[in-house]
file work_12.cif (mmCIF, C-alpha atoms and all ligand atoms)
data_work
#
loop_
_atom_site.label_atom_id
_atom_site.label_comp_id
_atom_site.auth_asym_id
_atom_site.auth_seq_id
_atom_site.Cartn_x
_atom_site.Cartn_y
_atom_site.Cartn_z
CA MET O 1 13.88 -7.46 -4.64
CA LEU O 2 17.39 -7.15 -5.89
CA VAL O 3 18.50 -5.18 -2.94
CA LYS O 4 21.43 -5.29 -0.59
CA PHE O 5 19.83 -6.36 2.63
CA SER O 6 21.53 -5.43 5.81
CA LYS O 7 21.43 -8.17 8.42
CA ALA O 8 18.24 -8.47 10.37
CA SER O 9 20.30 -8.34 13.53
CA ASP O 10 21.20 -4.73 12.66
CA VAL O 11 17.75 -3.77 13.82
CA LYS O 12 17.89 -3.17 17.54
CA PRO O 13 15.34 -4.97 19.67
CA SER O 14 14.36 -1.57 21.03
CA GLU O 15 13.13 -0.64 17.56
CA ILE O 16 10.67 -3.48 17.45
CA THR O 17 7.16 -2.59 18.40
CA SER O 18 5.52 -4.39 21.24
CA LYS O 19 2.91 -5.91 18.91
CA THR O 20 5.49 -7.27 16.48
CA LEU O 21 7.38 -8.63 19.40
CA TYR O 22 4.27 -10.19 20.80
CA MET O 23 3.37 -11.83 17.51
CA ASN O 24 6.87 -13.03 16.82
CA ARG O 25 7.07 -14.49 20.31
CA ARG O 26 3.78 -16.19 19.86
CA ARG O 27 4.95 -17.70 16.59
CA PHE O 28 8.18 -18.71 18.24
CA LEU O 29 6.30 -20.36 21.03
CA LYS O 30 4.25 -22.31 18.49
CA THR O 31 7.41 -23.34 16.64
CA ALA O 32 9.16 -24.19 19.86
CA ALA O 33 6.24 -26.25 21.06
CA VAL O 34 6.21 -28.23 17.82
CA ALA O 35 9.94 -28.76 18.04
CA GLY O 36 9.57 -29.79 21.65
CA ALA O 37 12.19 -27.28 22.62
CA GLY O 38 12.08 -26.22 26.23
CA ALA O 39 12.61 -22.65 25.20
CA ALA O 40 13.47 -19.91 27.60
CA PHE O 41 13.91 -16.42 26.27
CA GLY O 42 17.47 -15.41 26.97
CA THR O 43 17.85 -12.15 25.16
CA ILE O 44 14.90 -10.71 23.33
CA ALA O 45 16.68 -10.56 19.99
CA ALA O 46 17.60 -14.20 19.57
CA PRO O 47 14.18 -15.85 19.66
CA VAL O 48 12.56 -13.03 17.73
CA PHE O 49 14.90 -13.43 14.82
CA ALA O 50 15.14 -17.18 15.09
CA ALA O 51 11.38 -17.39 14.75
CA LYS O 52 9.96 -17.86 11.32
CA GLY O 53 8.29 -14.83 9.93
CA ASN O 54 9.58 -11.54 8.85
CA PRO O 55 12.46 -9.77 10.50
CA ARG O 56 12.64 -6.08 9.78
CA VAL O 57 15.12 -5.59 6.95
CA LYS O 58 16.60 -2.25 5.94
CA PHE O 59 17.14 -1.28 2.32
CA SER O 60 20.46 0.18 1.40
CA GLY O 61 20.77 2.79 -1.32
CA VAL O 62 17.37 4.47 -0.97
CA GLN O 63 17.58 8.02 -2.38
CA LYS O 64 16.06 11.05 -0.78
CA SER O 65 13.37 12.75 -2.83
CA LYS O 66 11.92 16.23 -2.58
CA TRP O 67 8.94 14.72 -0.72
CA THR O 68 10.60 14.80 2.68
CA GLN O 69 9.02 15.06 6.07
CA GLU O 70 10.47 18.57 6.38
CA ALA O 71 8.85 19.60 3.09
CA LEU O 72 5.50 18.18 4.17
CA GLY O 73 5.83 19.81 7.59
CA GLU O 74 3.94 17.11 9.46
CA GLU O 75 4.95 14.47 11.96
CA LEU O 76 5.41 10.91 10.77
CA THR O 77 2.94 8.36 12.06
CA ASP O 78 4.75 5.81 14.23
CA TYR O 79 5.85 2.49 12.76
CA GLY O 80 3.52 0.71 15.21
CA PRO O 81 0.16 1.96 13.97
CA ILE O 82 1.29 1.98 10.32
CA THR O 83 1.91 -1.75 10.58
CA GLU O 84 -0.76 -2.76 13.09
CA TYR O 85 -3.80 -0.79 11.94
CA ASN O 86 -4.38 -1.90 8.35
CA ASN O 87 -6.96 -2.55 5.71
CA PHE O 88 -6.10 -5.64 3.69
CA TYR O 89 -9.29 -7.67 3.38
CA GLU O 90 -7.45 -10.64 1.88
CA PHE O 91 -6.26 -11.28 5.44
CA GLY O 92 -9.48 -10.34 7.22
CA ALA O 93 -11.71 -7.33 7.71
CA ALA O 94 -10.58 -6.28 11.19
CA LYS O 95 -7.81 -3.68 11.39
CA THR O 96 -5.51 -6.03 13.28
CA ASP O 97 -6.15 -9.05 11.03
CA PRO O 98 -3.57 -8.18 8.35
CA ALA O 99 -0.71 -7.94 10.86
CA GLU O 100 -1.85 -11.13 12.52
CA TYR O 101 -2.61 -13.32 9.51
CA SER O 102 -0.17 -12.17 6.82
CA GLN O 103 3.08 -13.13 8.49
CA ASP O 104 3.58 -16.38 6.57
CA PHE O 105 2.60 -14.84 3.24
CA LYS O 106 5.26 -15.68 0.65
CA THR O 107 6.49 -12.58 -1.18
CA ARG O 108 9.64 -13.93 -2.84
CA PRO O 109 10.04 -14.85 -5.62
CA TRP O 110 7.31 -12.59 -7.03
CA SER O 111 6.12 -12.52 -10.65
CA LEU O 112 4.72 -9.31 -12.04
CA THR O 113 2.79 -9.53 -15.31
CA ILE O 114 2.74 -6.34 -17.38
CA ASP O 115 0.54 -6.67 -20.43
CA GLY O 116 -1.87 -4.95 -22.77
CA ALA O 117 -0.92 -1.82 -24.72
CA VAL O 118 2.81 -1.69 -24.00
CA GLU O 119 5.91 -2.19 -26.17
CA LYS O 120 7.51 -4.69 -23.79
CA PRO O 121 4.85 -6.87 -22.21
CA GLY O 122 6.10 -9.73 -20.09
CA VAL O 123 6.19 -11.64 -16.89
CA TYR O 124 8.87 -9.94 -14.85
CA ASP O 125 10.59 -11.22 -11.75
CA LEU O 126 10.29 -8.36 -9.28
CA GLU O 127 13.87 -8.98 -8.11
CA ASP O 128 15.19 -8.31 -11.61
CA PHE O 129 12.72 -5.58 -12.30
CA LEU O 130 13.58 -3.24 -9.43
CA LYS O 131 17.09 -2.27 -8.40
CA PRO O 132 17.88 -0.68 -5.06
CA HIS O 133 19.42 2.47 -6.56
CA GLN O 134 16.09 3.19 -8.25
CA LEU O 135 14.27 3.41 -4.95
CA GLU O 136 13.49 6.67 -3.19
CA GLU O 137 11.78 7.82 -0.04
CA ARG O 138 8.43 9.61 -0.31
CA VAL O 139 6.79 11.00 2.79
CA TYR O 140 3.08 11.24 2.02
CA ARG O 141 -0.08 12.14 3.82
CA MET O 142 -2.46 9.17 3.41
CA ARG O 143 -6.24 9.37 3.89
CA CYS O 144 -8.53 6.35 4.21
CA VAL O 145 -12.14 6.65 3.05
CA GLU O 146 -13.06 5.71 6.63
CA ALA O 147 -11.86 9.18 7.69
CA TRP O 148 -8.61 8.31 9.42
CA SER O 149 -5.21 9.33 8.13
CA MET O 150 -1.50 8.78 8.58
CA VAL O 151 1.80 10.23 7.37
CA ILE O 152 3.92 7.44 5.94
CA PRO O 153 7.54 7.43 4.74
CA TRP O 154 7.24 5.08 1.77
CA VAL O 155 10.10 3.53 -0.18
CA GLY O 156 9.32 3.14 -3.84
CA ILE O 157 9.72 4.07 -7.46
CA PRO O 158 7.59 6.42 -9.56
CA LEU O 159 5.05 4.43 -11.57
CA GLY O 160 5.91 6.75 -14.47
CA ASP O 161 9.47 5.34 -14.51
CA ILE O 162 8.10 1.82 -14.82
CA ILE O 163 5.71 2.88 -17.57
CA LYS O 164 8.53 4.50 -19.53
CA ARG O 165 10.56 1.34 -19.22
CA VAL O 166 7.86 -0.89 -20.71
CA GLY O 167 6.86 1.71 -23.31
CA LEU O 168 3.26 2.88 -23.67
CA LYS O 169 1.28 2.33 -26.84
CA SER O 170 -1.07 5.10 -27.90
CA ASP O 171 -4.27 3.21 -27.08
CA ALA O 172 -3.26 2.85 -23.42
CA LYS O 173 -5.69 5.21 -21.70
CA TYR O 174 -5.96 3.37 -18.38
CA VAL O 175 -3.99 0.93 -16.29
CA ALA O 176 -5.68 -1.92 -14.40
CA PHE O 177 -4.06 -3.49 -11.33
CA GLU O 178 -4.70 -6.89 -9.76
CA THR O 179 -3.77 -8.37 -6.38
CA LEU O 180 -2.64 -11.98 -6.03
CA LEU O 181 -5.43 -14.56 -5.88
CA ASP O 182 -4.39 -17.29 -3.46
CA PRO O 183 -7.01 -18.29 -0.87
CA GLU O 184 -4.62 -20.82 0.64
CA GLN O 185 -2.32 -18.00 1.70
CA MET O 186 -4.95 -15.27 1.96
CA ARG O 187 -7.58 -16.61 4.32
CA GLY O 188 -9.89 -13.64 3.66
CA GLN O 189 -10.30 -14.78 0.04
CA LYS O 190 -12.18 -17.86 1.24
CA ARG O 191 -15.17 -15.62 1.89
CA PRO O 192 -16.89 -13.48 -0.76
CA VAL O 193 -16.41 -10.20 1.11
CA LEU O 194 -15.28 -8.68 -2.19
CA LYS O 195 -15.05 -10.17 -5.64
CA TRP O 196 -11.51 -11.57 -5.65
CA PRO O 197 -8.91 -10.76 -6.78
CA TYR O 198 -8.93 -7.15 -5.60
CA LYS O 199 -8.77 -4.79 -8.58
CA GLU O 200 -7.95 -1.15 -9.04
CA GLY O 201 -7.28 1.25 -11.86
CA LEU O 202 -5.95 4.67 -12.80
CA ARG O 203 -6.26 6.90 -15.82
CA ILE O 204 -2.92 7.10 -17.62
CA ASP O 205 -2.30 10.74 -16.67
CA GLU O 206 -2.90 9.81 -13.03
CA ALA O 207 -0.52 6.87 -13.35
CA MET O 208 2.13 9.13 -14.92
CA ASN O 209 1.72 11.89 -12.33
CA PRO O 210 5.03 12.34 -10.45
CA LEU O 211 3.27 11.76 -7.11
CA THR O 212 2.18 8.22 -8.04
CA ILE O 213 4.57 5.55 -6.85
CA MET O 214 4.84 1.80 -6.58
CA ALA O 215 6.02 1.16 -3.03
CA VAL O 216 8.19 -1.72 -1.83
CA GLY O 217 8.85 -0.52 1.70
CA LEU O 218 8.35 2.00 4.47
CA TYR O 219 10.52 3.58 7.14
CA GLY O 220 13.55 2.61 5.01
CA GLU O 221 12.70 -1.07 5.36
CA VAL O 222 11.27 -3.84 3.23
CA MET O 223 7.47 -3.64 3.09
CA PRO O 224 5.75 -5.52 5.90
CA ASN O 225 3.31 -8.08 4.49
CA GLN O 226 0.32 -6.36 6.04
CA ASN O 227 1.13 -3.15 4.14
CA GLY O 228 1.05 -4.86 0.76
CA ALA O 229 4.39 -6.60 0.25
CA PRO O 230 6.18 -6.92 -1.97
CA PHE O 231 4.78 -4.30 -4.34
CA ARG O 232 1.82 -1.94 -3.96
CA LEU O 233 0.40 1.25 -5.38
CA VAL O 234 0.49 4.59 -3.50
CA VAL O 235 -1.63 7.50 -4.77
CA PRO O 236 -1.65 10.10 -2.01
CA TRP O 237 -4.43 12.37 -3.31
CA LYS O 238 -6.92 9.48 -3.48
CA TYR O 239 -8.66 7.49 -0.77
CA GLY O 240 -6.59 4.64 0.61
CA PHE O 241 -8.47 1.86 -1.17
CA LYS O 242 -6.99 2.96 -4.50
CA GLY O 243 -3.61 1.87 -3.11
CA ILE O 244 -3.92 -1.76 -4.14
CA LYS O 245 -1.57 -4.17 -2.38
CA SER O 246 0.49 -7.22 -3.37
CA ILE O 247 0.10 -6.56 -7.09
CA VAL O 248 0.72 -9.37 -9.59
CA ARG O 249 -0.59 -7.75 -12.75
CA MET O 250 -0.72 -4.38 -14.48
CA THR O 251 -2.67 -4.18 -17.74
CA PHE O 252 -2.61 -1.13 -20.00
CA GLN O 253 -5.84 -0.73 -21.92
CA PRO O 254 -8.19 1.64 -23.78
CA ASP O 255 -11.16 1.17 -21.40
CA MET O 256 -11.77 2.21 -17.81
CA PRO O 257 -11.19 -0.95 -15.77
CA PRO O 258 -13.59 -2.26 -13.11
CA THR O 259 -12.45 -1.60 -9.54
CA SER O 260 -13.34 -3.77 -6.53
CA TRP O 261 -15.05 -1.18 -4.36
CA ASN O 262 -16.96 0.34 -7.24
CA VAL O 263 -18.23 -3.11 -8.22
CA ALA O 264 -19.14 -3.83 -4.58
CA SER O 265 -20.96 -0.55 -4.00
CA PRO O 266 -21.10 1.91 -6.92
CA ARG O 267 -23.14 4.45 -5.00
CA GLU O 268 -20.44 4.74 -2.36
CA TYR O 269 -17.23 4.32 -4.35
CA GLY O 270 -16.49 5.76 -7.77
CA PHE O 271 -13.58 5.19 -10.10
CA TYR O 272 -11.76 8.42 -9.24
CA SER O 273 -12.03 8.39 -5.44
CA ASN O 274 -10.14 11.64 -5.08
CA VAL O 275 -9.99 12.91 -1.52
CA ASN O 276 -12.63 15.63 -1.44
CA PRO O 277 -13.95 17.14 1.80
CA SER O 278 -17.02 18.55 0.04
CA VAL O 279 -18.25 15.24 -1.39
CA ASN O 280 -19.53 13.12 1.47
CA HIS O 281 -19.72 9.37 1.51
CA PRO O 282 -23.46 8.47 1.52
CA ARG O 283 -23.09 7.20 5.08
CA TRP O 284 -20.65 9.70 6.62
CA SER O 285 -19.01 13.08 6.19
CA GLN O 286 -15.62 13.41 4.54
CA ALA O 287 -15.06 16.95 5.82
CA LYS O 288 -12.78 15.88 8.68
CA GLU O 289 -10.43 13.10 9.52
CA ARG O 290 -8.66 11.65 12.53
CA ARG O 291 -4.92 11.53 12.15
CA ILE O 292 -3.91 8.32 13.87
CA GLY O 293 -2.28 9.35 17.14
CA ASP O 294 -4.26 12.60 17.46
CA PHE O 295 -7.17 13.16 19.74
CA LEU O 296 -8.99 15.90 17.85
CA LYS O 297 -10.13 15.63 14.25
CA ARG O 298 -8.68 17.93 11.64
CA PRO O 299 -10.20 19.26 8.43
CA THR O 300 -9.61 17.13 5.35
CA LEU O 301 -7.81 18.99 2.57
CA MET O 302 -8.91 19.04 -1.07
CA PHE O 303 -7.02 16.30 -2.91
CA ASN O 304 -5.56 15.46 0.50
CA GLY O 305 -3.37 18.56 0.31
CA TYR O 306 -1.94 17.77 -3.14
CA GLU O 307 -4.22 20.15 -5.03
CA GLU O 308 -1.41 22.08 -6.65
CA GLU O 309 0.09 18.95 -8.16
CA VAL O 310 -3.09 17.22 -9.31
CA ALA O 311 -6.06 19.59 -9.71
CA GLY O 312 -5.18 20.28 -13.36
CA MET O 313 -5.93 16.68 -14.29
CA TYR O 314 -9.56 17.15 -13.29
CA ALA O 315 -10.20 20.60 -14.73
CA GLY O 316 -13.74 20.82 -16.10
CA MET O 317 -14.88 17.58 -14.46
CA ASP O 318 -17.87 17.62 -12.11
CA LEU O 319 -16.23 16.06 -9.07
CA GLY O 320 -19.59 15.68 -7.31
CA LYS O 321 -20.67 13.29 -10.06
CA LEU O 322 -17.30 11.79 -10.94
CA TYR O 323 -16.40 10.90 -7.34
N1 LIG Z 1 -5.44 -5.88 -2.14
C1 LIG Z 1 -5.90 -4.95 -1.29
N2 LIG Z 1 -5.38 -3.72 -1.32
C2 LIG Z 1 -5.83 -2.77 -0.46
C3 LIG Z 1 -6.86 -3.06 0.47
C4 LIG Z 1 -7.39 -4.38 0.49
O1 LIG Z 1 -8.29 -4.73 1.27
N3 LIG Z 1 -6.88 -5.29 -0.40
N4 LIG Z 1 -7.32 -2.07 1.33
C5 LIG Z 1 -7.13 -0.67 0.88
C6 LIG Z 1 -7.46 0.33 1.88
S1 LIG Z 1 -9.10 0.59 2.21
C7 LIG Z 1 -6.51 1.12 2.46
S2 LIG Z 1 -6.95 2.41 3.50
C8 LIG Z 1 -5.07 0.86 2.24
C9 LIG Z 1 -4.40 0.67 3.59
O2 LIG Z 1 -3.01 0.56 3.44
P1 LIG Z 1 -2.09 0.40 4.73
O3 LIG Z 1 -2.67 -0.71 5.54
O4 LIG Z 1 -0.74 0.08 4.21
O5 LIG Z 1 -2.13 1.70 5.46
O6 LIG Z 1 -4.84 -0.28 1.45
C10 LIG Z 1 -5.71 -0.44 0.35
N5 LIG Z 1 -5.27 -1.53 -0.49
MO MO Z 2 -9.21 2.73 3.20
#
call {"tool": "encode", "arguments": {"input": "work_12.cif", "output": "structure tokens", "more": "lines below"}}
Ligand SMILES: Nc1nc2c(c(=O)[nH]1)N[C@H]1C(S)=C(S)[C@@H](COP(=O)(O)O)O[C@H]1N2
Ligand SMILES: [Mo]
result
Amino acid sequence: MLVKFSKASDVKPSEITSKTLYMNRRRFLKTAAVAGAGAAFGTIAAPVFAAKGNPRVKFSGVQKSKWTQEALGEELTDYGPITEYNNFYEFGAAKTDPAEYSQDFKTRPWSLTIDGAVEKPGVYDLEDFLKPHQLEERVYRMRCVEAWSMVIPWVGIPLGDIIKRVGLKSDAKYVAFETLLDPEQMRGQKRPVLKWPYKEGLRIDEAMNPLTIMAVGLYGEVMPNQNGAPFRLVVPWKYGFKGIKSIVRMTFQPDMPPTSWNVASPREYGFYSNVNPSVNHPRWSQAKERRIGDFLKRPTLMFNGYEEEVAGMYAGMDLGKLY
């Protein structure tokens, strides 16, 4: 990312979650053991940031958007659960696997292929492609198909801005996304849990909708690996699995692309995957959700609460069939 990074040491140790601290310490201990260093932790900060891995790095120049926490009127989910309770099957199927096993994942440099029906196809270096002044903060309600939810302050850029930059051709009706395929780095890809690489897709109007962003960070900081660094999709009115992580390719095309979860289980997961409390998953209800951090469940909102912005795109569609 071509971004002015503030020094890692600007992040106070008190801002680091216990889990991050624990994992960084553990990594440090491993490193120290290998180096034969008789390490004693003096201050907390020094070993944490001396350890290999990923210090928390703040972006500078992120713009505010109209999608603020105040506008949404809901509390933000804490940084801890957002970065410790993840789905990222490339690093394992347990919720804590991504945080544990993605820390050495290499996210720079990062090549992004944009091809298909666009005026300017190419292999772009993400650092050249995104500039810090183009980034904005978007506070979105996020709903996983497993009926838990969070409120996340993303840092990103509207996908529509990217599409305008590469220029759409008229036969581009859909966009297909692909995650990196690299079993050496992504231990989960050594097992056929899904057909790798992970794939997702959007209809072009969905991709151009102002709510749809490509995110590169959260809480004002560079994206943690477990959340899909360096570049992932965020579509807040759809179930979480549409938000494909660590994207290396975007292809614009006339046909509806295959998507990983639909291929794995078409009865359970359709192409659209719009949050819809009245269309249940075959194995569980979607009427309610547990906001991470809450005790009681709350009702799930149509289109995850973004009905006003997105319902028009689905006018006349039978959402019970086109789930
Ligand atoms: N490549 C890839 N992207 C993925 C997934 C995955 O397993 N692999 N899981 C999805 C699911 S089910 C959810 S709920 C969100 C979780 O994003 P988060 O961990 O940043 O909250 O990522 C989505 N993107
Ligand atoms: Mo999910």
call {"tool": "residues_near_ligand", "arguments": {"input": "work_12.cif", "ligand": "ligand LIG 1 (chain Z)", "cutoff": "9 Å", "atoms": "all atoms listed in the file", "output": "VMD selection string"}}
result
chain O and resid 81 to 93 95 98 142 to 146 148 to 150 152 178 to 180 194 197 to 200 224 226 to 228 232 to 234 239 to 247
call {"tool": "atom_distance", "arguments": {"input": "work_12.cif", "atom1": "atom CA of O:Glu74", "atom2": "atom CA of O:Glu137"}}
result
15.4 Å
call {"tool": "residues_near_point", "arguments": {"input": "work_12.cif", "point": "(-2.6, -4.0, -21.2)", "cutoff": "8 Å", "atoms": "all atoms listed in the file", "output": "PyMOL selection string"}}
result
chain O and resi 114-118+172+175-176+250-253
call {"tool": "write_last_selection", "arguments": {"input": "work_12.cif", "atoms": "C-alpha atoms", "output": "tab-separated table (two decimals), in the frame of the given file"}}
result
chain	number	residue	atom	x	y	z
O	114	ILE	CA	2.74	-6.34	-17.38
O	115	ASP	CA	0.54	-6.67	-20.43
O	116	GLY	CA	-1.87	-4.95	-22.77
O	117	ALA	CA	-0.92	-1.82	-24.72
O	118	VAL	CA	2.81	-1.69	-24.00
O	172	ALA	CA	-3.26	2.85	-23.42
O	175	VAL	CA	-3.99	0.93	-16.29
O	176	ALA	CA	-5.68	-1.92	-14.40
O	250	MET	CA	-0.72	-4.38	-14.48
O	251	THR	CA	-2.67	-4.18	-17.74
O	252	PHE	CA	-2.61	-1.13	-20.00
O	253	GLN	CA	-5.84	-0.73	-21.92
call {"tool": "residues_around", "arguments": {"input": "work_12.cif", "residues": "O:Asp125", "least_positions_apart": "6", "cutoff": "8 Å", "atoms": "all atoms listed in the file", "output": "count of residues only"}}
result
4
call {"tool": "closest_residue", "arguments": {"input": "work_12.cif", "among": "O:Arg165, O:Arg191, O:Lys131, O:Lys238", "to": "ligand MO 2 (chain Z)", "atoms": "all atoms listed in the file"}}
result
O:Lys238
